[in-house]
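Shown here: input_11.cif, mmCIF, C-alpha atoms.
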```
data_run
loop_
_atom_site.label_atom_id
_atom_site.label_comp_id
_atom_site.auth_asym_id
_atom_site.auth_seq_id
_atom_site.Cartn_x
_atom_site.Cartn_y
_atom_site.Cartn_z
CA MET A 1077 -2.63 -23.15 -3.35
CA LYS A 1078 -5.94 -23.31 -1.47
CA GLU A 1079 -4.05 -23.61 1.81
CA ILE A 1080 -1.86 -20.59 0.97
CA ILE A 1081 -4.96 -18.53 0.19
CA GLU A 1082 -6.65 -19.47 3.46
CA GLN A 1083 -3.53 -18.71 5.49
CA ASN A 1084 -2.95 -15.31 3.87
CA LYS A 1085 -6.47 -14.04 3.18
CA GLY A 1086 -6.33 -11.69 6.19
CA VAL A 1087 -2.97 -10.22 5.17
CA ILE A 1088 -4.16 -9.66 1.61
CA ARG A 1089 -7.37 -7.95 2.70
CA ALA A 1090 -5.54 -5.81 5.27
CA VAL A 1091 -2.98 -4.58 2.73
CA ILE A 1092 -5.69 -3.83 0.16
CA LYS A 1093 -7.73 -1.90 2.70
CA LYS A 1094 -4.68 -0.02 4.01
CA ILE A 1095 -3.55 1.06 0.55
CA THR A 1096 -6.87 1.68 -1.21
CA GLY A 1097 -8.92 2.69 1.80
CA THR A 1098 -11.59 0.08 1.11
CA TYR A 1099 -12.01 -3.64 0.56
CA ASN A 1100 -11.90 -4.57 -3.12
CA GLU A 1101 -12.74 -8.16 -4.06
CA ASP A 1102 -11.44 -7.71 -7.62
CA LEU A 1103 -8.02 -6.74 -6.32
CA GLU A 1104 -8.05 -9.68 -3.93
CA GLN A 1105 -8.79 -12.05 -6.84
CA GLU A 1106 -5.99 -10.45 -8.88
CA VAL A 1107 -3.58 -11.13 -6.01
CA TYR A 1108 -4.62 -14.79 -5.93
CA ILE A 1109 -4.06 -15.09 -9.69
CA LYS A 1110 -0.63 -13.41 -9.54
CA THR A 1111 0.36 -15.53 -6.55
CA TRP A 1112 -0.66 -18.71 -8.38
CA ARG A 1113 1.18 -17.67 -11.56
CA ASN A 1114 4.38 -16.74 -9.71
CA LEU A 1115 4.45 -19.40 -7.00
CA GLN A 1116 7.28 -21.24 -8.76
CA ASN A 1117 9.36 -18.02 -8.57
CA TYR A 1118 9.02 -17.75 -4.77
CA LYS A 1119 12.36 -18.20 -3.04
CA GLU A 1120 12.09 -19.29 0.58
CA LYS A 1121 14.20 -16.44 1.96
CA GLY A 1122 11.42 -15.00 4.10
CA LYS A 1123 7.84 -15.55 5.06
CA ILE A 1124 5.48 -16.34 2.22
CA SER A 1125 3.03 -13.87 3.78
CA SER A 1126 5.57 -11.06 3.22
CA TRP A 1127 6.00 -12.10 -0.39
CA ILE A 1128 2.21 -12.17 -0.88
CA ALA A 1129 1.88 -8.78 0.88
CA ALA A 1130 4.40 -7.34 -1.59
CA ILE A 1131 2.40 -8.79 -4.50
CA THR A 1132 -0.75 -7.27 -2.98
CA ALA A 1133 0.88 -3.84 -2.64
CA ASN A 1134 2.02 -4.00 -6.27
CA VAL A 1135 -1.48 -5.00 -7.43
CA CYS A 1136 -2.89 -2.00 -5.54
CA ARG A 1137 -0.33 0.35 -7.09
CA ASP A 1138 -1.14 -1.03 -10.54
CA TYR A 1139 -4.82 -0.47 -9.81
CA PHE A 1140 -4.22 3.23 -9.09
CA LYS A 1141 -2.55 3.46 -12.52
CA SER A 1142 -5.28 1.50 -14.30
CA LYS A 1143 -7.99 2.67 -16.65
CA ALA A 1144 -10.60 1.04 -14.38
CA TYR A 1145 -9.52 3.23 -11.43
CA LYS A 1146 -9.54 6.38 -13.55
CA THR A 1147 -12.97 5.49 -14.93
CA GLU A 1148 -14.25 4.77 -11.42
CA LYS A 1149 -12.86 8.09 -10.24
CA LEU A 1150 -14.65 9.88 -13.09
CA GLU A 1151 -17.89 8.05 -12.28
CA VAL A 1152 -17.61 9.04 -8.62
CA ALA A 1153 -17.00 12.64 -9.68
CA ALA A 1154 -20.02 12.55 -12.00
CA ASP A 1155 -22.19 11.01 -9.29
CA GLU A 1156 -20.99 13.64 -6.87
CA ALA A 1157 -22.19 16.38 -9.19
CA LEU A 1158 -25.66 14.84 -9.16
CA GLN A 1159 -25.91 14.47 -5.38
CA ASN A 1160 -27.41 17.11 -3.12
CA LYS A 1161 -25.10 19.43 -1.20
CA ALA A 1162 -25.49 17.57 2.10
CA VAL A 1163 -23.93 14.43 0.63
CA GLN A 1164 -21.18 16.15 -1.38
CA PRO A 1165 -18.71 16.69 1.50
CA VAL A 1166 -18.68 12.95 2.31
CA GLN A 1167 -17.92 12.00 -1.31
CA GLU A 1168 -15.27 14.71 -1.57
CA LYS A 1169 -13.57 13.30 1.51
CA LEU A 1170 -13.60 9.82 -0.07
CA ILE A 1171 -12.01 11.10 -3.28
CA ASP A 1172 -9.55 13.19 -1.27
CA ALA A 1173 -8.60 10.15 0.82
CA LYS A 1174 -7.85 8.08 -2.28
CA ALA A 1175 -5.88 10.94 -3.83
CA ARG A 1176 -3.91 11.35 -0.58
CA GLN A 1177 -3.11 7.63 -0.53
CA LYS A 1178 -1.86 7.78 -4.09
CA ILE A 1179 0.35 10.75 -3.28
CA ILE A 1180 1.71 9.00 -0.19
CA LEU A 1181 2.46 5.80 -2.14
CA GLN A 1182 4.28 7.80 -4.81
CA ALA A 1183 6.36 9.52 -2.11
CA VAL A 1184 7.23 6.17 -0.53
CA ASP A 1185 8.16 4.76 -3.94
CA ALA A 1186 10.50 7.74 -4.48
CA LEU A 1187 12.55 6.94 -1.35
CA PRO A 1188 16.01 5.42 -1.84
CA GLY A 1189 15.83 1.60 -2.08
CA LYS A 1190 17.06 0.49 1.36
CA MET A 1191 15.15 3.25 3.12
CA ARG A 1192 11.96 2.47 1.14
CA LYS A 1193 12.19 -1.21 2.05
CA VAL A 1194 12.46 -0.41 5.79
CA VAL A 1195 9.56 2.07 5.66
CA ILE A 1196 7.33 -0.40 3.79
CA LEU A 1197 8.13 -3.27 6.14
CA PHE A 1198 7.53 -1.14 9.25
CA GLU A 1199 4.58 1.01 8.18
CA PHE A 1200 2.69 -1.23 5.76
CA GLU A 1201 3.59 -4.78 6.74
CA ASP A 1202 3.72 -4.18 10.52
CA TYR A 1203 7.18 -5.65 11.11
CA THR A 1204 9.01 -4.62 14.27
CA ILE A 1205 12.40 -2.95 14.00
CA GLU A 1206 14.02 -6.13 15.31
CA GLN A 1207 12.22 -8.29 12.72
CA ILE A 1208 13.33 -5.93 9.94
CA ALA A 1209 16.94 -6.02 11.18
CA LYS A 1210 16.88 -9.81 11.19
CA LYS A 1211 15.21 -10.03 7.76
CA LEU A 1212 17.61 -7.57 6.12
CA ARG A 1213 20.62 -8.76 8.13
CA GLU A 1214 21.41 -5.25 9.28
CA PRO A 1215 22.08 -3.83 12.76
CA VAL A 1216 19.03 -2.53 14.66
CA GLY A 1217 20.63 0.94 14.76
CA THR A 1218 20.88 1.01 10.96
CA ILE A 1219 17.22 0.08 10.63
CA LYS A 1220 16.21 2.77 13.14
CA SER A 1221 18.28 5.32 11.24
CA ARG A 1222 16.77 4.39 7.87
CA LEU A 1223 13.25 4.48 9.33
CA HIS A 1224 13.89 7.86 10.97
CA ASN A 1225 15.41 9.36 7.81
CA GLY A 1226 12.69 7.87 5.60
CA ARG A 1227 9.97 9.33 7.81
CA LYS A 1228 11.78 12.68 7.85
CA ILE A 1229 11.93 12.76 4.02
CA LEU A 1230 8.28 11.73 3.76
CA ALA A 1231 7.24 14.36 6.30
CA GLU A 1232 9.02 17.04 4.28
CA LYS A 1233 7.59 15.86 0.94
CA LEU A 1234 4.07 15.42 2.33
CA LYS A 1235 3.76 18.39 4.66
CA PHE A 1236 1.47 20.10 2.14
CA LEU A 1237 -1.11 17.39 2.89
CA GLN A 1238 -1.38 18.83 6.40
CA GLY A 1239 -1.99 22.32 5.07
CA GLU A 1240 1.59 23.49 5.67
CA LYS A 1241 3.58 25.37 3.04
#
```
Give the structure from the file, written as structure tokens.
Amino acid sequence: MKEIIEQNKGVIRAVIKKITGTYNEDLEQEVYIKTWRNLQNYKEKGKISSWIAAITANVCRDYFKSKAYKTEKLEVAADEALQNKAVQPVQEKLIDAKARQKIILQAVDALPGKMRKVVILFEFEDYTIEQIAKKLREPVGTIKSRLHNGRKILAEKLKFLQGEK
């Protein structure tokens, strides 16, 4: 287990930072615990790093739903009210960034299954189109199509984040 942790520490931290916007040691520890508990369920169909990255993404999603996150968000909002006006825009941007990430994750989760899988592998796990095609045993053209259509759906659903109506 120690070897698996050392080999995948970078992947875990990168996924946590990409999804939450910041490094979170508690989430990293939760990933290690879930990995250890579920190691016997791992089926060697792909890279173990991909499996651990999926666990990490799920831990981050669970965190956004958790009471701890909501409490932290309330504390940040309360602290923001106490800060002077020069500091407030920075804190608002931080809260806005986390809210944006949550909205984006929900939009990705709402994509149809095969399309969602391609988008996650390409955008979050940094697979190439060829690697995704090989992993999913699909033609490259199919993967490109799913990625294109997934991005198109996300762009339409999330255009309000860019100030469009």
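For the choices A:Leu1103, A:Ile1124, A:Ala1183, A:Ile1219, the atom-to-atom distance to A:Phe1198 is smallest for A:Ile1219 when using all atoms listed in the file.
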Quiz item: What's the 6 Å shell around stretch 1190-1196 of chain A, counting only C-alpha atoms, without same-chain residues fewer than 5 positions away, as a list in words?
Solution: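 Using only C-alpha atoms, the neighbours found are Arg1222, Leu1223 and Gly1226 of chain A.
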Practice problem: Enter the distance from atom CA of A:Val1087 to atom CA of A:Gly1189, in Å, rounded to one decimal. | Solution: 23.4 Å
Quiz item: So which residues get picked by the PyMOL selection byres ((chain A and resi 1177-1182) around 8) here, written as a list in words?
Solution: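 Taken over the shown coordinates, the PyMOL selection byres ((chain A and resi 1177-1182) around 8) returns Ile1095, Thr1096, Gly1097, Arg1137, Phe1140, Ala1173, Lys1174, Ala1175, Arg1176, Ala1183, Val1184, Asp1185, Ala1186 and Leu1234 of chain A.
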Quiz prompt | Contact residues around A:Lys1123 with only C-alpha atoms at 12 Å, ignoring same-chain residues under 5 positions, as a PyMOL selection string | solution = chain A and resi 1080+1083-1084+1118+1128-1130+1201+1203+1207+1211
Quiz prompt | Selected residue of minimal separation from A:Trp1112 among A:Lys1235, A:Lys1078, A:Lys1141, A:Lys1093, counting all atoms listed in the file | solution = A:Lys1078
Exercise. Quick one: pull the distance between atom CA of A:Pro1215 and atom CA of A:Gly1122, Å, one decimal.
Key: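 Computed distance, atom CA of A:Pro1215 to atom CA of A:Gly1122, equals 17.7 Å.
Here atom CA of A:Arg1089 is placed at a distance of 27.9 Å from atom CA of A:Lys1220.
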So that I can see what lies close to A:Asp1102, please list as a PDB file with C-alpha atoms, in the coordinates of the input the residues with an atom at most 12 Å from it, counting all atoms listed in the file and leaving out residues fewer than 2 positions away in the same chain.
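Once written, out-v8.pdb looks like this:
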```pdb
ATOM      1  CA  ILE A1088      -4.160  -9.660   1.610  1.00  0.00           C
ATOM      2  CA  ARG A1089      -7.370  -7.950   2.700  1.00  0.00           C
ATOM      3  CA  ILE A1092      -5.690  -3.830   0.160  1.00  0.00           C
ATOM      4  CA  THR A1098     -11.590   0.080   1.110  1.00  0.00           C
ATOM      5  CA  TYR A1099     -12.010  -3.640   0.560  1.00  0.00           C
ATOM      6  CA  ASN A1100     -11.900  -4.570  -3.120  1.00  0.00           C
ATOM      7  CA  GLU A1104      -8.050  -9.680  -3.930  1.00  0.00           C
ATOM      8  CA  GLN A1105      -8.790 -12.050  -6.840  1.00  0.00           C
ATOM      9  CA  GLU A1106      -5.990 -10.450  -8.880  1.00  0.00           C
ATOM     10  CA  VAL A1107      -3.580 -11.130  -6.010  1.00  0.00           C
ATOM     11  CA  TYR A1108      -4.620 -14.790  -5.930  1.00  0.00           C
ATOM     12  CA  ILE A1109      -4.060 -15.090  -9.690  1.00  0.00           C
ATOM     13  CA  THR A1132      -0.750  -7.270  -2.980  1.00  0.00           C
ATOM     14  CA  VAL A1135      -1.480  -5.000  -7.430  1.00  0.00           C
ATOM     15  CA  CYS A1136      -2.890  -2.000  -5.540  1.00  0.00           C
ATOM     16  CA  TYR A1139      -4.820  -0.470  -9.810  1.00  0.00           C
ATOM     17  CA  ALA A1144     -10.600   1.040 -14.380  1.00  0.00           C
ATOM     18  CA  TYR A1145      -9.520   3.230 -11.430  1.00  0.00           C
TER      19      TYR A1145
END
```
Quiz prompt | From A:Leu1212, A:Thr1218, A:Glu1199, A:Lys1233, residue lying nearest A:Leu1187 [all atoms listed in the file] | solution =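 Under the stated criterion, the closest residue is A:Lys1233.
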Self-check item: Selected residue, from A:Ala1133, A:Ile1208, A:Met1077, A:Ile1229, that lies nearest to A:Asn1114 when counting all atoms listed in the file
Solution: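 The answer is A:Met1077, which sits nearest to A:Asn1114.
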Quiz item: Nearest to A:Lys1110 among A:Gly1217, A:Phe1200, A:Asn1225, A:Asn1134, with distances taken over only C-alpha atoms: which residue is it?
Solution: A:Asn1134
Self-check item: Distance criterion (all atoms listed in the file): nearest to A:Ser1125 out of A:Lys1228, A:Lys1085, A:Arg1113, A:Lys1210
Solution: A:Lys1085
